[in-house]
2 protein chains.
Amino acid sequence: MILKNQVEWALHCCAVMAALPEGKRVSTKALSQFHGVPKEYLSKALQAVSQAGLVEGTLGPKGGYRLARNAADISFLDIVEAVEGRRNTFNCTEIRGNNPCLEDQQKPAKPCAIARIMWQADEAWRDKLRAVSLLDLQDTLVRDVPADQLQKSADWLLSQ
Amino acid sequence: MILKNQVEWALHCCAVMAALPEGKRVSTKALSQFHGVPKEYLSKALQAVSQAGLVEGTLGPKGGYRLARNAADISFLDIVEAVEGRRNTFNCTEIRGNNPCLEDQQKPAKPCAIARIMWQADEAWRDKLRAVSLLDLQDTLVRDVPADQLQKSADWLLSQ
């Protein structure tokens with residue numbers, strides 16, 4: 001069970017957008033060159049986060065993407081779910097209902113104990129992702145990456 | 001990102017084995033009929049948990065599977081990883097290293113902040129699964145399922 005590469009790409013692109021100066025946009029072409037990923041596949045990831053209302057894109061020579069809301073209001077979970085969907089990682093197909101010893105073939109009312117445990121684990125994963133916003137990430141990146149490198153990258157992205 | 005159906009099947013089969021009387025085994029055929037799942041695919045799931053050392057199987061007319069260690073010493077995570085593998089759900093391909101502004105093309109020493117957050121979420125998921133053993137599950141099932149139904153199921157499984 002491994003997340004699509006587009007989750008990684010979408011997270012990196014949203015991190016870039018969170019650092020853009022007010023009113024600026026970044027093009028798909030610049031984002032694809034900056035991250036060294038194929039433009040066509042990256043477009044799909046950007047469309048997914050756009051459809052989820054996390055970013056907004058405009059067409060044209062000065063077009064591009066920017067966040068659709070504050071970086072503090074976009075979580076890792078928002079981005080992961082935009083690309084991967086919201087389906088639980090554990091799909092209970094209720095195989096206990098196939099038990100040949102069930103006389104009336106009624107399915108038990110309570111969800112299966114196995115599914116309940118698997119869903120709790122899924123929720124723990126989502127809780128962690130929900131707790132981190134793009135603003136939190138930005139704070140970490142400012143500590144991790146030298147300031148001149150961040151500035152150079154921002155200049156490069158906006159010059160494309 | 002959804003777990004294979006075989007994870008569900010393996011968990012249910014191990015739950016059955018955890019309830020077997022001392023010295024008893026249950027056949028693949030009985031497990032497949034009991035859960036209403038195809039025997040050939042179920043065999044692969046059982047082989048996976050067998051290769052991970054969680055269950056042991058014998059061939060022959062009286063052959064079958066049983067747990068290879070105490071139910072208290074087999075966690076949900078053991079079973080999930082036996083079927084799905086141990087790879088992290090987030091695969092960091094280090095796309096930040098493709099940044100055209102990196103002068104010396106050296107990759108940063110510290111793991112990417114995005115990957116660190118994704119890995120923490122993965123670990124939270126695994127922690128939850130690691131914390132629940134087959135014995136814990138058994139305790140829950142005894143509370144959830146009427147005793148006569150458990151007994152009837154056990155009798156059916158061992159009579160096949």
# chains A, B, ... in the order shown; residues from 1 in each chain; ligands from 1
>>> residues_around(residues="A:Arg116", least_positions_apart="5", cutoff="10 Å", atoms="only C-alpha atoms", output="list in words")
Phe90, Cys92, Lys110, Pro111, Ala121 and Asp122 of chain A
>>> residues_around(residues="B:Lys44", least_positions_apart="4", cutoff="10 Å", atoms="only C-alpha atoms", output="list in words")
Gln6, Ala10, Lys39, Glu40, Ala48, Val49, Ser50 and Val83 of chain B
>>> write_last_selection(atoms="N, CA, C and O atoms", output="PDB file, in the first residue's frame")
ATOM      1  N   GLN B   6      -6.627  -9.301   0.521  1.00  0.00           N
ATOM      2  CA  GLN B   6      -5.970 -10.405   1.240  1.00  0.00           C
ATOM      3  C   GLN B   6      -5.575 -10.044   2.673  1.00  0.00           C
ATOM      4  O   GLN B   6      -5.412 -10.931   3.506  1.00  0.00           O
ATOM      5  N   ALA B  10      -6.553 -12.493   5.578  1.00  0.00           N
ATOM      6  CA  ALA B  10      -5.505 -13.006   6.469  1.00  0.00           C
ATOM      7  C   ALA B  10      -5.856 -12.701   7.927  1.00  0.00           C
ATOM      8  O   ALA B  10      -5.667 -13.550   8.813  1.00  0.00           O
ATOM      9  N   LYS B  39     -10.457 -20.010  -2.910  1.00  0.00           N
ATOM     10  CA  LYS B  39      -9.390 -20.789  -2.255  1.00  0.00           C
ATOM     11  C   LYS B  39      -8.002 -20.443  -2.799  1.00  0.00           C
ATOM     12  O   LYS B  39      -7.034 -20.360  -2.036  1.00  0.00           O
ATOM     13  N   GLU B  40      -7.904 -20.255  -4.121  1.00  0.00           N
ATOM     14  CA  GLU B  40      -6.587 -20.022  -4.739  1.00  0.00           C
ATOM     15  C   GLU B  40      -5.970 -18.706  -4.235  1.00  0.00           C
ATOM     16  O   GLU B  40      -4.784 -18.643  -3.944  1.00  0.00           O
ATOM     17  N   ALA B  48       1.650 -16.035   2.623  1.00  0.00           N
ATOM     18  CA  ALA B  48       2.352 -14.814   3.053  1.00  0.00           C
ATOM     19  C   ALA B  48       2.511 -14.784   4.576  1.00  0.00           C
ATOM     20  O   ALA B  48       3.594 -14.494   5.092  1.00  0.00           O
ATOM     21  N   VAL B  49       1.436 -15.098   5.303  1.00  0.00           N
ATOM     22  CA  VAL B  49       1.554 -15.080   6.768  1.00  0.00           C
ATOM     23  C   VAL B  49       2.400 -16.250   7.269  1.00  0.00           C
ATOM     24  O   VAL B  49       3.042 -16.165   8.318  1.00  0.00           O
ATOM     25  N   SER B  50       2.427 -17.324   6.474  1.00  0.00           N
ATOM     26  CA  SER B  50       3.285 -18.455   6.818  1.00  0.00           C
ATOM     27  C   SER B  50       4.766 -18.096   6.634  1.00  0.00           C
ATOM     28  O   SER B  50       5.610 -18.366   7.496  1.00  0.00           O
ATOM     29  N   VAL B  83       1.362  -9.405   4.508  1.00  0.00           N
ATOM     30  CA  VAL B  83       0.659  -9.401   3.216  1.00  0.00           C
ATOM     31  C   VAL B  83       1.096  -8.216   2.347  1.00  0.00           C
ATOM     32  O   VAL B  83       1.308  -8.367   1.143  1.00  0.00           O
TER      33      VAL B  83
END
>>> atom_distance(atom1="atom CA of B:Leu67", atom2="atom CA of B:Ala154")
15.3 Å
>>> closest_residue(among="B:Ala68, B:Leu20, B:Ala45, B:Ile114", to="chain A", atoms="only C-alpha atoms")
B:Ile114
>>> select_by_dssp(residues="stretch 34-96 of chain A", states="strand (DSSP E or B)", output="PyMOL selection string")
chain A and resi 55-58+64-67+75
>>> residues_around(residues="stretch 61-64 of chain A", least_positions_apart="5", cutoff="12 Å", atoms="only C-alpha atoms", output="list in words")
Cys13, Met17, Leu20, Gly23, Lys24, Arg25, Val26, Ser27, Thr28, Lys29, Ala30, Leu31, Ser43, Leu46, Gln47, Ser50, Val55, Glu56, Leu157, Leu158, Ser159 and Gln160 of chain A
>>> write_last_selection(atoms="N, CA and C atoms", output="compact mmCIF listing (two decimals), in the first residue's frame")
# COMPACT_ATOMS: atom_id res chain seq x y z
N CYS A 13 4.44 21.09 -4.59
CA CYS A 13 3.92 22.26 -5.32
C CYS A 13 3.14 23.19 -4.40
N MET A 17 3.74 27.14 -3.45
CA MET A 17 2.68 28.18 -3.52
C MET A 17 2.52 28.90 -2.19
N LEU A 20 4.80 31.85 -2.04
CA LEU A 20 4.72 32.91 -3.08
C LEU A 20 4.36 34.25 -2.46
N GLY A 23 -0.41 37.74 -4.38
CA GLY A 23 -0.84 38.06 -5.75
C GLY A 23 -0.09 37.32 -6.84
N LYS A 24 0.96 36.58 -6.50
CA LYS A 24 1.76 35.89 -7.51
C LYS A 24 1.23 34.48 -7.77
N ARG A 25 1.50 34.01 -8.98
CA ARG A 25 1.13 32.65 -9.38
C ARG A 25 2.36 31.95 -9.94
N VAL A 26 2.31 30.64 -9.97
CA VAL A 26 3.43 29.88 -10.52
C VAL A 26 2.87 28.92 -11.57
N SER A 27 3.56 28.82 -12.70
CA SER A 27 3.03 28.02 -13.81
C SER A 27 3.33 26.54 -13.62
N THR A 28 2.52 25.71 -14.29
CA THR A 28 2.74 24.26 -14.25
C THR A 28 4.12 23.94 -14.82
N LYS A 29 4.49 24.67 -15.87
CA LYS A 29 5.80 24.44 -16.51
C LYS A 29 6.94 24.70 -15.50
N ALA A 30 6.84 25.83 -14.80
CA ALA A 30 7.89 26.15 -13.81
C ALA A 30 7.92 25.10 -12.70
N LEU A 31 6.74 24.70 -12.24
CA LEU A 31 6.68 23.70 -11.16
C LEU A 31 7.25 22.37 -11.63
N SER A 43 0.33 18.00 -14.14
CA SER A 43 -0.94 18.71 -14.40
C SER A 43 -2.10 18.01 -13.73
N LEU A 46 -2.10 18.70 -10.08
CA LEU A 46 -2.53 20.08 -9.81
C LEU A 46 -4.03 20.24 -10.04
N GLN A 47 -4.55 19.54 -11.03
CA GLN A 47 -6.00 19.57 -11.26
C GLN A 47 -6.75 18.98 -10.06
N SER A 50 -6.77 21.41 -7.33
CA SER A 50 -7.63 22.52 -7.74
C SER A 50 -9.10 22.15 -7.57
N VAL A 55 -6.22 24.96 -4.38
CA VAL A 55 -5.47 25.93 -5.19
C VAL A 55 -6.41 26.40 -6.30
N GLU A 56 -6.02 27.53 -6.93
CA GLU A 56 -6.81 28.00 -8.07
C GLU A 56 -5.87 28.32 -9.20
N LEU A 157 11.44 30.59 -9.82
CA LEU A 157 10.07 30.14 -10.12
C LEU A 157 9.24 31.26 -10.74
N LEU A 158 9.42 32.49 -10.22
CA LEU A 158 8.60 33.60 -10.71
C LEU A 158 9.13 34.16 -12.02
N SER A 159 10.35 33.82 -12.38
CA SER A 159 10.93 34.36 -13.62
C SER A 159 10.60 33.48 -14.83
N GLN A 160 10.01 32.33 -14.57
CA GLN A 160 9.73 31.40 -15.70
C GLN A 160 8.51 31.86 -16.49
>>> closest_residue(among="A:Pro21, A:Gly60, A:Pro38, A:Gly97", to="chain B", atoms="only C-alpha atoms")
A:Gly97
>>> interface_residues(of="chain A", to="chain B", cutoff="6 Å", atoms="only C-alpha atoms", output="NGL selection string")
:A and (1-3 or 34-36 or 89-90 or 95 or 98-99 or 101 or 121 or 124-125 or 128 or 153)
>>> atom_distance(atom1="atom CA of A:Asp136", atom2="atom CA of A:Ala72")
7.4 Å
>>> atom_distance(atom1="atom CA of B:Ser133", atom2="atom CA of B:Tyr65")
18.4 Å
>>> closest_residue(among="A:Asp148, A:Asp139, A:Asp78, A:Asp73", to="A:Ala52", atoms="only C-alpha atoms")
A:Asp78
